[in-house]
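Participant: Sharing coords01.csv, CSV, C-alpha atoms and all ligand atoms:
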```csv
chain,number,residue,atom,x,y,z
A,1,MET,CA,-40.6,-26.4,-35.9
A,2,VAL,CA,-38.3,-23.9,-37.4
A,3,ALA,CA,-37.8,-26.2,-40.4
A,4,PHE,CA,-41.6,-26.7,-40.7
A,5,PHE,CA,-42.3,-22.9,-40.7
A,6,ALA,CA,-39.5,-22.4,-43.2
A,7,SER,CA,-41.2,-24.9,-45.5
A,8,LEU,CA,-44.3,-22.6,-45.3
A,9,GLY,CA,-42.1,-19.6,-46.2
A,10,GLU,CA,-42.5,-18.3,-42.6
A,11,PRO,CA,-39.8,-16.7,-40.5
A,12,ARG,CA,-38.1,-18.4,-37.5
A,13,TYR,CA,-40.0,-16.5,-34.9
A,14,ARG,CA,-43.3,-18.2,-36.0
A,15,ALA,CA,-41.9,-21.4,-34.5
A,16,GLU,CA,-41.2,-19.7,-31.3
A,17,GLN,CA,-44.7,-18.2,-31.2
A,18,VAL,CA,-46.4,-21.5,-31.7
A,19,MET,CA,-44.2,-23.3,-29.3
A,20,LYS,CA,-45.2,-20.8,-26.6
A,21,TRP,CA,-48.9,-21.0,-27.5
A,22,ILE,CA,-48.8,-24.8,-27.1
A,23,HIS,CA,-46.5,-25.3,-24.2
A,24,HIS,CA,-46.9,-22.1,-22.1
A,25,ARG,CA,-50.5,-21.3,-22.7
A,26,HIS,CA,-51.7,-24.9,-23.4
A,27,GLU,CA,-53.6,-23.8,-26.5
A,28,THR,CA,-54.5,-26.4,-29.1
A,29,ASP,CA,-56.7,-24.3,-31.4
A,30,PHE,CA,-54.7,-22.4,-34.1
A,31,ASP,CA,-57.6,-19.9,-34.4
A,32,ALA,CA,-57.0,-18.7,-30.9
A,33,MET,CA,-53.3,-18.0,-31.6
A,34,THR,CA,-54.0,-14.4,-32.3
A,35,ASP,CA,-50.5,-13.0,-33.0
A,36,LEU,CA,-50.1,-15.3,-36.0
A,37,GLY,CA,-52.2,-13.4,-38.5
A,38,LYS,CA,-55.3,-14.7,-40.1
A,39,PRO,CA,-53.9,-16.2,-43.3
A,40,LEU,CA,-51.2,-18.2,-41.4
A,41,ARG,CA,-53.8,-19.4,-38.9
A,42,ALA,CA,-56.0,-20.7,-41.8
A,43,LYS,CA,-52.9,-22.4,-43.3
A,44,LEU,CA,-52.1,-24.2,-40.0
A,45,GLN,CA,-55.7,-25.1,-39.4
A,46,ALA,CA,-55.8,-26.9,-42.8
A,47,ALA,CA,-52.4,-28.6,-42.5
A,48,CYS,CA,-51.9,-29.7,-38.9
A,49,VAL,CA,-53.5,-30.5,-35.6
A,50,VAL,CA,-52.3,-30.2,-32.0
A,51,GLU,CA,-53.4,-33.4,-30.5
A,52,PRO,CA,-52.8,-34.0,-26.8
A,53,PRO,CA,-53.1,-37.5,-25.3
A,54,LYS,CA,-56.7,-38.5,-24.4
A,55,VAL,CA,-57.3,-38.5,-20.7
A,56,LEU,CA,-59.2,-41.7,-20.1
A,57,LEU,CA,-59.2,-41.5,-16.3
A,58,GLU,CA,-57.9,-39.1,-13.6
A,59,LYS,CA,-57.3,-40.2,-10.0
A,60,PRO,CA,-56.4,-37.8,-7.3
A,61,SER,CA,-54.8,-39.4,-4.2
A,62,ALA,CA,-55.4,-38.4,-0.6
A,63,ASP,CA,-51.8,-37.3,-0.3
A,64,GLY,CA,-52.0,-34.8,-3.3
A,65,THR,CA,-50.6,-37.2,-5.8
A,66,HIS,CA,-52.5,-37.2,-9.1
A,67,LYS,CA,-52.5,-40.0,-11.7
A,68,TRP,CA,-53.7,-39.9,-15.3
A,69,LEU,CA,-54.5,-42.9,-17.5
A,70,LEU,CA,-53.8,-41.6,-21.0
A,71,GLY,CA,-55.1,-43.3,-24.2
A,72,MET,CA,-52.5,-44.0,-26.9
A,73,ASP,CA,-53.0,-45.1,-30.5
A,74,GLY,CA,-53.8,-48.7,-31.0
A,75,GLY,CA,-56.0,-49.2,-27.9
A,76,ASN,CA,-53.1,-49.0,-25.4
A,77,ALA,CA,-53.0,-46.8,-22.3
A,78,ILE,CA,-50.1,-45.5,-20.2
A,79,GLU,CA,-49.9,-43.9,-16.8
A,80,THR,CA,-48.4,-40.5,-15.7
A,81,VAL,CA,-48.2,-39.4,-12.0
A,82,PHE,CA,-47.7,-36.0,-10.5
A,83,ILE,CA,-46.2,-36.0,-7.0
A,84,PRO,CA,-46.2,-32.6,-5.1
A,85,ASP,CA,-43.8,-32.1,-2.3
A,86,LYS,CA,-42.4,-29.2,-0.2
A,87,GLY,CA,-41.3,-26.6,-2.7
A,88,ARG,CA,-41.4,-28.9,-5.8
A,89,GLY,CA,-43.6,-31.0,-7.9
A,90,THR,CA,-42.4,-34.1,-9.8
A,91,LEU,CA,-44.0,-35.7,-12.8
A,92,CYS,CA,-43.3,-39.4,-13.3
A,93,VAL,CA,-43.4,-39.9,-17.1
A,94,SER,CA,-43.7,-43.2,-19.1
A,95,SER,CA,-41.5,-44.0,-22.1
A,96,GLN,CA,-43.0,-47.2,-23.4
A,97,VAL,CA,-46.2,-49.1,-23.5
A,98,GLY,CA,-45.2,-51.9,-21.1
A,99,CYS,CA,-41.6,-53.1,-20.7
A,100,ALA,CA,-39.7,-56.0,-22.2
A,101,LEU,CA,-37.2,-56.3,-19.4
A,102,ALA,CA,-39.4,-58.4,-17.1
A,103,CYS,CA,-37.9,-57.4,-13.7
A,104,THR,CA,-39.6,-59.9,-11.3
A,105,PHE,CA,-40.7,-57.2,-8.8
A,106,CYS,CA,-42.3,-54.7,-11.3
A,107,SER,CA,-45.9,-54.6,-12.3
A,108,THR,CA,-45.0,-53.0,-15.7
A,109,GLY,CA,-42.5,-55.7,-16.4
A,110,ALA,CA,-45.3,-58.3,-15.7
A,111,GLN,CA,-47.3,-57.0,-18.6
A,112,GLY,CA,-44.9,-57.5,-21.5
A,113,PHE,CA,-44.1,-54.9,-24.1
A,114,ASN,CA,-46.2,-53.4,-26.9
A,115,ARG,CA,-44.4,-50.4,-28.3
A,116,ASN,CA,-42.2,-47.3,-27.9
A,117,LEU,CA,-44.0,-44.0,-27.2
A,118,SER,CA,-43.4,-41.2,-29.8
A,119,VAL,CA,-41.8,-37.9,-28.9
A,120,ALA,CA,-45.3,-36.3,-29.0
A,121,GLU,CA,-46.7,-39.0,-26.7
A,122,ILE,CA,-43.9,-38.4,-24.1
A,123,VAL,CA,-44.1,-34.6,-24.3
A,124,GLY,CA,-47.9,-34.9,-24.3
A,125,GLN,CA,-47.8,-36.4,-20.7
A,126,VAL,CA,-46.0,-33.3,-19.5
A,127,TRP,CA,-48.4,-31.1,-21.4
A,128,VAL,CA,-51.5,-32.7,-19.8
A,129,ALA,CA,-50.0,-32.3,-16.3
A,130,ALA,CA,-48.9,-28.7,-17.0
A,131,ARG,CA,-52.3,-27.7,-18.2
A,132,HIS,CA,-54.0,-29.3,-15.2
A,133,LEU,CA,-51.6,-27.5,-12.9
A,134,GLY,CA,-51.8,-24.2,-14.8
A,135,ASN,CA,-48.1,-24.3,-15.0
A,136,VAL,CA,-46.3,-21.4,-16.7
A,137,PRO,CA,-42.5,-21.3,-17.0
A,138,HIS,CA,-40.7,-18.4,-15.3
A,139,ARG,CA,-43.5,-17.9,-12.8
A,140,GLN,CA,-44.1,-19.7,-9.6
A,141,ARG,CA,-44.5,-23.2,-10.9
A,142,LYS,CA,-46.0,-26.4,-9.6
A,143,LEU,CA,-44.3,-28.7,-12.0
A,144,THR,CA,-40.5,-28.4,-11.3
A,145,ASN,CA,-39.1,-31.9,-12.0
A,146,VAL,CA,-39.6,-34.7,-14.4
A,147,VAL,CA,-38.4,-38.3,-13.7
A,148,MET,CA,-38.5,-40.8,-16.5
A,149,MET,CA,-39.6,-43.5,-14.1
A,150,GLY,CA,-43.0,-44.4,-15.3
A,151,MET,CA,-43.8,-47.4,-17.5
A,152,GLY,CA,-40.9,-48.7,-19.7
A,153,GLU,CA,-37.2,-48.6,-20.0
A,154,PRO,CA,-36.4,-45.1,-21.4
A,155,LEU,CA,-33.0,-46.0,-22.8
A,156,LEU,CA,-34.6,-48.6,-25.1
A,157,ASN,CA,-36.6,-45.7,-26.6
A,158,PHE,CA,-33.5,-43.5,-26.9
A,159,GLU,CA,-34.4,-41.9,-30.2
A,160,ASN,CA,-37.7,-40.5,-28.8
A,161,VAL,CA,-36.8,-40.0,-25.1
A,162,VAL,CA,-33.8,-37.8,-25.7
A,163,PRO,CA,-35.6,-35.2,-27.9
A,164,ALA,CA,-38.6,-35.3,-25.6
A,165,MET,CA,-36.3,-34.5,-22.7
A,166,SER,CA,-35.0,-31.5,-24.7
A,167,VAL,CA,-38.5,-30.1,-25.1
A,168,MET,CA,-38.9,-30.5,-21.3
A,169,ARG,CA,-35.8,-28.4,-20.7
A,170,ASP,CA,-36.1,-25.8,-23.5
A,171,ASP,CA,-37.3,-22.3,-22.6
A,172,LEU,CA,-39.9,-22.6,-25.4
A,173,GLY,CA,-41.0,-25.9,-24.0
A,174,PHE,CA,-41.4,-26.5,-20.3
A,175,GLY,CA,-38.2,-24.7,-19.2
A,176,LEU,CA,-37.1,-27.2,-16.6
A,177,ALA,CA,-33.5,-27.1,-15.3
A,178,ASN,CA,-31.2,-29.8,-16.8
A,179,LYS,CA,-30.6,-31.4,-13.4
A,180,ARG,CA,-34.3,-31.5,-12.7
A,181,VAL,CA,-35.0,-34.0,-15.5
A,182,THR,CA,-33.9,-37.4,-14.5
A,183,LEU,CA,-33.7,-40.6,-16.5
A,184,SER,CA,-34.0,-43.9,-14.6
A,185,THR,CA,-32.5,-47.0,-16.2
A,186,SER,CA,-32.2,-50.6,-15.4
A,187,GLY,CA,-28.6,-50.3,-16.6
A,188,LEU,CA,-28.0,-50.7,-20.3
A,189,VAL,CA,-24.3,-50.0,-20.4
A,190,PRO,CA,-23.7,-48.9,-24.0
A,191,LEU,CA,-26.7,-46.6,-23.9
A,192,ILE,CA,-25.6,-45.0,-20.6
A,193,ASP,CA,-22.4,-44.0,-22.5
A,194,ARG,CA,-24.4,-42.7,-25.4
A,195,LEU,CA,-26.7,-40.7,-23.1
A,196,GLY,CA,-23.6,-39.1,-21.5
A,197,GLU,CA,-22.5,-38.0,-25.0
A,198,GLU,CA,-25.8,-36.7,-26.2
A,199,SER,CA,-27.7,-35.3,-23.2
A,200,ASP,CA,-27.2,-33.5,-20.0
A,201,VAL,CA,-29.8,-34.9,-17.6
A,202,SER,CA,-29.5,-36.5,-14.1
A,203,LEU,CA,-29.1,-40.2,-14.0
A,204,ALA,CA,-30.8,-42.8,-11.7
A,205,VAL,CA,-29.8,-46.4,-11.9
A,206,SER,CA,-31.8,-49.3,-10.7
A,207,LEU,CA,-29.4,-51.5,-8.8
A,208,HIS,CA,-31.6,-53.4,-6.3
A,209,ALA,CA,-28.9,-56.0,-5.3
A,210,PRO,CA,-25.2,-55.9,-4.3
A,211,THR,CA,-24.3,-59.2,-6.0
A,212,ASP,CA,-24.6,-60.4,-9.5
A,213,ASP,CA,-26.4,-63.7,-8.4
A,214,LEU,CA,-29.2,-61.8,-6.7
A,215,ARG,CA,-29.4,-59.0,-9.2
A,216,THR,CA,-29.8,-61.5,-12.0
A,217,GLN,CA,-32.6,-63.2,-10.2
A,218,LEU,CA,-34.4,-59.9,-9.8
A,219,MET,CA,-33.4,-58.2,-13.1
A,220,PRO,CA,-32.6,-60.6,-16.0
A,221,ILE,CA,-30.8,-57.7,-17.8
A,222,ASN,CA,-28.0,-58.2,-15.3
A,223,ARG,CA,-26.8,-61.3,-17.2
A,224,LYS,CA,-25.9,-59.0,-20.1
A,225,TYR,CA,-24.6,-56.1,-18.1
A,226,PRO,CA,-23.3,-57.2,-14.7
A,227,ILE,CA,-22.7,-54.9,-11.7
A,228,ALA,CA,-19.0,-54.2,-12.3
A,229,GLU,CA,-19.6,-53.1,-15.9
A,230,LEU,CA,-22.7,-51.1,-14.9
A,231,LEU,CA,-20.8,-49.2,-12.2
A,232,ALA,CA,-17.9,-48.5,-14.6
A,233,ALA,CA,-20.5,-47.0,-17.0
A,234,CYS,CA,-22.0,-44.9,-14.2
A,235,ALA,CA,-18.5,-43.7,-13.3
A,236,ARG,CA,-17.9,-42.6,-16.9
A,237,TYR,CA,-21.2,-40.7,-16.9
A,238,ALA,CA,-20.4,-39.0,-13.6
A,239,GLN,CA,-16.9,-38.1,-14.9
A,240,ARG,CA,-18.3,-36.4,-17.9
A,241,LYS,CA,-20.6,-34.3,-15.6
A,242,PRO,CA,-18.4,-33.3,-12.7
A,243,ARG,CA,-21.1,-31.8,-10.6
A,244,ALA,CA,-23.7,-34.5,-11.2
A,245,SER,CA,-24.3,-37.2,-8.7
A,246,ILE,CA,-25.7,-40.6,-9.7
A,247,THR,CA,-28.6,-42.0,-7.8
A,248,PHE,CA,-28.7,-45.7,-7.3
A,249,GLU,CA,-32.2,-47.0,-6.7
A,250,TYR,CA,-32.6,-50.0,-4.4
A,251,THR,CA,-36.1,-51.4,-4.0
A,252,LEU,CA,-36.2,-53.2,-0.6
A,253,MET,CA,-38.0,-56.5,-0.6
A,254,ARG,CA,-38.5,-58.4,2.6
A,255,GLY,CA,-36.2,-61.4,3.0
A,256,VAL,CA,-34.8,-60.9,-0.5
A,257,ASN,CA,-32.3,-58.0,-0.5
A,258,ASP,CA,-33.0,-56.3,2.9
A,259,GLN,CA,-30.6,-58.0,5.2
A,260,PRO,CA,-27.7,-56.4,7.1
A,261,ALA,CA,-25.3,-58.3,4.9
A,262,HIS,CA,-26.8,-56.8,1.8
A,263,ALA,CA,-26.5,-53.3,3.3
A,264,ARG,CA,-22.9,-53.9,4.1
A,265,ALA,CA,-22.1,-55.2,0.6
A,266,LEU,CA,-24.0,-52.3,-1.0
A,267,ALA,CA,-22.0,-49.8,1.2
A,268,LYS,CA,-18.8,-51.4,0.0
A,269,LEU,CA,-19.8,-51.1,-3.6
A,270,MET,CA,-20.8,-47.4,-3.1
A,271,ARG,CA,-17.6,-46.6,-1.3
A,272,GLY,CA,-15.7,-48.1,-4.2
A,273,PHE,CA,-17.7,-46.0,-6.6
A,274,ASN,CA,-16.9,-42.8,-4.6
A,275,ALA,CA,-13.3,-43.7,-4.3
A,276,ARG,CA,-13.0,-44.3,-8.1
A,277,LEU,CA,-14.5,-40.8,-8.7
A,278,GLN,CA,-12.5,-39.3,-5.7
A,279,ARG,CA,-15.7,-37.6,-4.5
A,280,ASP,CA,-17.4,-38.5,-1.2
A,281,ASN,CA,-20.9,-38.1,-2.4
A,282,ALA,CA,-20.7,-39.2,-6.1
A,283,ALA,CA,-23.1,-42.0,-5.3
A,284,LYS,CA,-26.4,-41.4,-3.7
A,285,VAL,CA,-28.6,-44.3,-2.7
A,286,ASN,CA,-32.4,-44.1,-2.9
A,287,LEU,CA,-34.1,-46.9,-0.9
A,288,ILE,CA,-37.6,-47.6,-2.3
A,289,PRO,CA,-39.8,-49.7,0.0
A,290,PHE,CA,-41.4,-52.4,-2.2
A,291,ASN,CA,-44.9,-51.5,-3.5
A,292,PRO,CA,-47.1,-54.5,-3.8
A,293,PHE,CA,-49.4,-55.2,-6.8
A,294,PRO,CA,-51.8,-58.1,-7.4
A,295,GLY,CA,-50.1,-61.4,-8.1
A,296,THR,CA,-46.6,-60.5,-6.7
A,297,GLY,CA,-44.8,-62.8,-4.4
A,298,TYR,CA,-42.7,-60.1,-2.8
A,299,GLU,CA,-43.5,-58.0,0.4
A,300,ARG,CA,-42.4,-54.7,1.8
A,301,PRO,CA,-40.0,-55.0,4.7
A,302,PRO,CA,-41.1,-53.7,8.1
A,303,GLU,CA,-40.3,-50.1,8.9
A,304,ASP,CA,-37.5,-50.9,11.4
A,305,ALA,CA,-35.8,-53.1,8.8
A,306,ILE,CA,-35.9,-50.2,6.3
A,307,ARG,CA,-34.5,-47.8,8.8
A,308,GLY,CA,-31.9,-50.3,9.9
A,309,PHE,CA,-30.8,-50.8,6.3
A,310,GLN,CA,-30.4,-47.0,5.8
A,311,THR,CA,-28.5,-46.7,9.1
A,312,LEU,CA,-25.9,-49.2,8.0
A,313,LEU,CA,-25.3,-47.3,4.8
A,314,LEU,CA,-25.2,-43.9,6.6
A,315,ARG,CA,-22.7,-45.3,9.1
A,316,ASP,CA,-20.4,-46.1,6.1
A,317,HIS,CA,-20.8,-42.4,4.9
A,318,VAL,CA,-23.0,-43.4,2.0
A,319,LEU,CA,-25.6,-40.7,1.3
A,320,THR,CA,-28.9,-42.6,1.6
A,321,MET,CA,-32.5,-41.5,1.4
A,322,VAL,CA,-35.7,-43.5,1.8
A,323,ARG,CA,-38.2,-42.7,-0.8
A,324,ARG,CA,-41.5,-41.9,0.8
A,325,THR,CA,-44.3,-44.0,-0.6
A,326,ARG,CA,-46.7,-41.6,-2.4
A,327,GLY,CA,-50.0,-42.3,-4.2
A,328,ASP,CA,-50.2,-46.0,-3.2
A,329,ASP,CA,-53.9,-45.6,-2.5
A,330,ILE,CA,-54.5,-45.0,-6.2
A,331,ASP,CA,-51.8,-47.6,-7.4
A,332,ALA,CA,-49.6,-44.8,-8.5
A,333,ALA,CA,-46.4,-45.7,-6.5
A,334,CYS,CA,-43.2,-46.9,-8.1
A,335,GLY,CA,-43.7,-50.2,-9.8
A,336,GLN,CA,-47.5,-50.1,-9.6
A,337,LEU,CA,-48.1,-48.5,-13.0
A,338,LYS,CA,-49.7,-50.8,-15.5
A,339,GLY,CA,-51.9,-48.8,-17.9
A,340,ARG,CA,-53.3,-51.0,-20.6
A,341,VAL,CA,-50.8,-53.0,-22.5
A,342,LEU,CA,-52.1,-55.0,-25.4
A,343,GLU,CA,-49.6,-57.7,-25.1
A,344,ARG,CA,-47.4,-58.6,-28.0
A,345,THR,CA,-44.7,-60.5,-26.1
A,346,ARG,CA,-45.4,-63.5,-23.8
A,347,LYS,CA,-43.3,-62.1,-21.0
A,348,HIS,CA,-46.3,-62.3,-18.7
A,349,ASP,CA,-46.1,-66.1,-18.4
A,350,ARG,CA,-42.4,-66.2,-17.9
A,351,HIS,CA,-42.7,-63.4,-15.3
A,352,ARG,CA,-45.3,-65.3,-13.3
A,353,GLN,CA,-43.1,-68.3,-13.0
A,354,LYS,CA,-40.2,-66.2,-11.9
A,355,THR,CA,-42.0,-64.3,-9.1
A,356,ILE,CA,-40.6,-66.5,-6.4
A,357,VAL,CA,-38.8,-65.1,-3.4
A,358,PRO,CA,-35.2,-66.0,-4.3
A,359,THR,CA,-33.1,-65.8,-1.2
A,360,ILE,CA,-34.2,-65.7,2.4
A,361,ASN,CA,-31.6,-64.7,5.0
A,362,PRO,CA,-28.5,-65.2,2.9
A,363,PRO,CA,-25.4,-66.2,4.9
A,364,GLU,CA,-23.3,-63.1,5.6
A,365,GLY,CA,-20.2,-64.6,4.1
A,366,GLU,CA,-21.8,-65.4,0.8
A,367,VAL,CA,-22.9,-61.8,0.2
A,368,ASP,CA,-19.7,-60.2,1.3
A,369,ALA,CA,-17.5,-62.6,-0.7
A,370,ALA,CA,-19.5,-62.0,-3.9
A,371,ALA,CA,-19.3,-58.3,-3.4
B,1,LIG,N1,-37.3,-48.9,-16.4
B,1,LIG,C1,-36.6,-47.9,-15.6
B,1,LIG,C2,-37.6,-46.8,-15.1
B,1,LIG,C3,-38.9,-47.3,-14.6
B,1,LIG,S1,-39.1,-48.1,-13.1
B,1,LIG,C4,-35.9,-48.6,-14.4
B,1,LIG,O1,-36.1,-49.8,-14.2
B,1,LIG,O2,-35.1,-47.9,-13.8
B,1,LIG,C5,-38.8,-46.8,-11.9
B,1,LIG,C6,-38.2,-47.4,-10.6
B,1,LIG,O3,-39.2,-48.1,-9.8
B,1,LIG,C7,-37.1,-48.4,-10.8
B,1,LIG,O4,-36.0,-48.2,-9.9
B,1,LIG,C8,-37.7,-49.7,-10.5
B,1,LIG,O5,-36.8,-50.7,-10.2
B,1,LIG,C9,-38.7,-49.4,-9.4
B,1,LIG,N2,-39.7,-50.4,-9.1
B,1,LIG,C10,-40.2,-51.2,-10.0
B,1,LIG,N3,-41.2,-52.0,-9.4
B,1,LIG,C11,-41.3,-51.6,-8.1
B,1,LIG,C12,-42.1,-52.0,-7.0
B,1,LIG,N4,-43.0,-52.9,-7.1
B,1,LIG,N5,-41.9,-51.4,-5.8
B,1,LIG,C13,-41.0,-50.4,-5.7
B,1,LIG,N6,-40.2,-50.0,-6.7
B,1,LIG,C14,-40.3,-50.6,-7.9
B,2,LIG,FE1,-38.9,-52.4,-17.0
B,2,LIG,FE2,-37.9,-50.8,-15.1
B,2,LIG,FE3,-40.0,-52.4,-14.6
B,2,LIG,FE4,-37.6,-53.5,-14.9
B,2,LIG,S1,-38.2,-52.1,-13.3
B,2,LIG,S2,-39.5,-54.2,-15.8
B,2,LIG,S3,-36.7,-52.1,-16.5
B,2,LIG,S4,-40.0,-50.7,-16.0
```
For this file, produce the structure as structure tokens.

Facilitator:
Amino acid sequence: MVAFFASLGEPRYRAEQVMKWIHHRHETDFDAMTDLGKPLRAKLQAACVVEPPKVLLEKPSADGTHKWLLGMDGGNAIETVFIPDKGRGTLCVSSQVGCALACTFCSTGAQGFNRNLSVAEIVGQVWVAARHLGNVPHRQRKLTNVVMMGMGEPLLNFENVVPAMSVMRDDLGFGLANKRVTLSTSGLVPLIDRLGEESDVSLAVSLHAPTDDLRTQLMPINRKYPIAELLAACARYAQRKPRASITFEYTLMRGVNDQPAHARALAKLMRGFNARLQRDNAAKVNLIPFNPFPGTGYERPPEDAIRGFQTLLLRDHVLTMVRRTRGDDIDAACGQLKGRVLERTRKHDRHRQKTIVPTINPPEGEVDAAA
């Protein structure tokens, strides 16, 4: 923005004024930006446009969750979800139209991939929610956190996601604290290292299985970046940011990865991770009860199995939370986002074939030995 205003022969503070108009006051009409002066307003009116994403559909949920279907160029649509909770409000933001990684339990993955979102399309999601909520930085705010956990694999759109996360954290943007912006990844090892060098956000890593065999069945990307390499990259990330913890996401699927043997093997991995970093709570585990979507072969485990799984981890001193399911009445829960992906890959068919329940009641020894 500074460079743009310099090209118009305008001073630096013009960039700051316009940033504030757009992101703090949610203004899209240059004519209303009264402190700019008439000639500059006319110049801007002629040369540029502030274009937020088109809201195609809004769905409020009974539990306060709010979902937007936003139209993107080319006939695609993506979804963004706001989840209010005690003392905070989290926005779940998409990074791509669809996803190429085809995890077998994910509705976005079932749709294939169309394209990366631009910086504007990523920031625009936050803008739409902030305007809806009347959010103003430095006052009591409703939007306090952003998680890059919507549609897509954010690290595969690194060039746009990292600058977009900067706008979220900048005082002239949405002014969120660094640690309140979280990037969730399926575990692309070289890009986790690059993120550690170039950004300062919280990291969440989708683990979902304690052994390579099982993880590869659920997440094909594990073939390229197996668990040991992934955990080593997470340790390097945590080492660079001594106060940050890493959250490992583990979606619980009935009869697939929810058995006591899996919990014990996961606890062992997490203990190893903590020991490597010499910090008790370096690894946090976030258990996500599976959210169903049409055509899936997976099921959510019963409540007592979820609690039992958590208890086994806690007993081993692994900090473990169960993510409360929010917005599932409007298909806004983790893994249920599908937007409208005009498919360019044929992942869909491959995915269908793969949606089989891989392992039922694995023998204890097998899981432990592999871990
Ligand atoms: N691509 C990134 C971020 C988007 S997915 C990633 O995979 O981490 C956000 C989280 O939702 C991930 O942990 C993902 O594994 C999880 N998820 C996907 N499908 C799910 C489903 N059907 N039920 C519960 N969680 C799911
Ligand atoms: Fe893509 Fe994440 Fe879904 Fe896997 S879980 S298909 S990486 S969005």

Participant: So what do you get for CA of Pro190 in chain A versus CA of His208 in chain A, distance-wise?

Facilitator: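 Distance reported for this atom pair: 19.9 Å.
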
Participant: To one decimal place, how far is CA of Asp316 in chain A from CA of Asn257 in chain A in Å?

Facilitator: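 So the answer is 18.1 Å.
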
Participant: Looking at A:Glu153, A:Glu299, A:Glu58, A:Glu79, which one is nearest to ligand LIG 2 (chain B), with distances taken over all atoms listed in the file?

Facilitator: A:Glu153

Participant: Given the choices A:Phe113, A:Trp127, A:Ala15, A:Thr65, which gets closest to Pro53 in chain A if the distance is worked out from all atoms listed in the file?

Facilitator: A:Trp127

Participant: A:Ala46, A:Thr28, A:Met148, A:Glu198: which is nearest Val128 in chain A, counting only C-alpha atoms?

Facilitator: A:Thr28

Participant: Do you know which residues are within 6 Å of ligand LIG 1 (chain B) using all atoms listed in the file? Can you write them as a ChimeraX atom specification?

Facilitator: /A:105-106,149-153,184-186,205-206,249,251,288-292,334-336

Participant: Counting all atoms listed in the file, which residue out of A:Phe158, A:Phe5, A:Tyr13, A:Tyr250 sits closest to ligand LIG 2 (chain B)?

Facilitator: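 Of all the options, A:Tyr250 lies closest to ligand LIG 2 (chain B).
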
Participant: Nearest to ligand LIG 2 (chain B): which of A:His23, A:Arg271, A:Lys67, A:Lys338 is it, counting all atoms listed in the file?

Facilitator: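 Looking at the shortest contact to ligand LIG 2 (chain B), the residue is A:Lys338.
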
Participant: Give the answer as one residue: which of A:Val2, A:Val93, A:Leu70, A:Leu269 has the shortest atom-to-atom distance to ligand LIG 2 (chain B), using all atoms listed in the file?

Facilitator: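 Among the listed residues, A:Val93 lies closest to ligand LIG 2 (chain B).
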
Participant: Name the residues within 10 Å of (-30.2, -58.8, -16.7), counting all atoms listed in the file in the file's coordinates, and put them as a PyMOL selection string.

Facilitator: chain A and resi 101-103+186-188+212+215-227

Participant: Could you tell me how far CA of Ser166 in chain A sits from CA of Arg340 in chain A, in Å to one decimal place?

Facilitator: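 The value is 27.1 Å.
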
Participant: Could you list as a PDB file with C-alpha atoms, in the frame of the given file every residue that has an atom within 9 Å of (-47.3, -25.4, -9.1), using the file's coordinates and counting all atoms listed in the file?

Facilitator:
```
ATOM      1  CA  PRO A  84     -46.200 -32.600  -5.100  1.00  0.00           C
ATOM      2  CA  GLY A  87     -41.300 -26.600  -2.700  1.00  0.00           C
ATOM      3  CA  ARG A  88     -41.400 -28.900  -5.800  1.00  0.00           C
ATOM      4  CA  GLY A  89     -43.600 -31.000  -7.900  1.00  0.00           C
ATOM      5  CA  ALA A 130     -48.900 -28.700 -17.000  1.00  0.00           C
ATOM      6  CA  LEU A 133     -51.600 -27.500 -12.900  1.00  0.00           C
ATOM      7  CA  GLY A 134     -51.800 -24.200 -14.800  1.00  0.00           C
ATOM      8  CA  ASN A 135     -48.100 -24.300 -15.000  1.00  0.00           C
ATOM      9  CA  VAL A 136     -46.300 -21.400 -16.700  1.00  0.00           C
ATOM     10  CA  GLN A 140     -44.100 -19.700  -9.600  1.00  0.00           C
ATOM     11  CA  ARG A 141     -44.500 -23.200 -10.900  1.00  0.00           C
ATOM     12  CA  LYS A 142     -46.000 -26.400  -9.600  1.00  0.00           C
ATOM     13  CA  LEU A 143     -44.300 -28.700 -12.000  1.00  0.00           C
ATOM     14  CA  THR A 144     -40.500 -28.400 -11.300  1.00  0.00           C
TER      15      THR A 144
END
```

Participant: As a list of chain:residue names, please: the residues near Leu172 in chain A (cut-off 7 Å, only C-alpha atoms, same-chain neighbours under 5 positions excluded).

Facilitator: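 Those residues are A:Glu16, A:Met19, A:Lys20.
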
Participant: Store the residues picked out above, limited to C-alpha atoms, as a tab-separated table (two decimals), keeping the file's coordinate frame.

Facilitator:
```
chain	number	residue	atom	x	y	z
A	16	GLU	CA	-41.20	-19.70	-31.30
A	19	MET	CA	-44.20	-23.30	-29.30
A	20	LYS	CA	-45.20	-20.80	-26.60
```

Participant: Residues near Val161 in chain A, anyone? I mean within 8 Å using all atoms listed in the file, not counting same-chain ones fewer than 4 positions away, as a list in words.

Facilitator: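 The filter keeps Ser95, Val119, Ile122, Pro154, Leu155, Asn157 and Met165 of chain A.
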
Participant: Excluding Lys54 in chain A and any residue of its chain fewer than 3 positions from it, enumerate the residues within 10 Å of it, using only C-alpha atoms, and give them as a list in words.

Facilitator: Glu51, Leu57, Trp68, Leu69, Leu70, Gly71, Met72, Asp73, Ala77, Gly124, Gln125 and Val128 of chain A
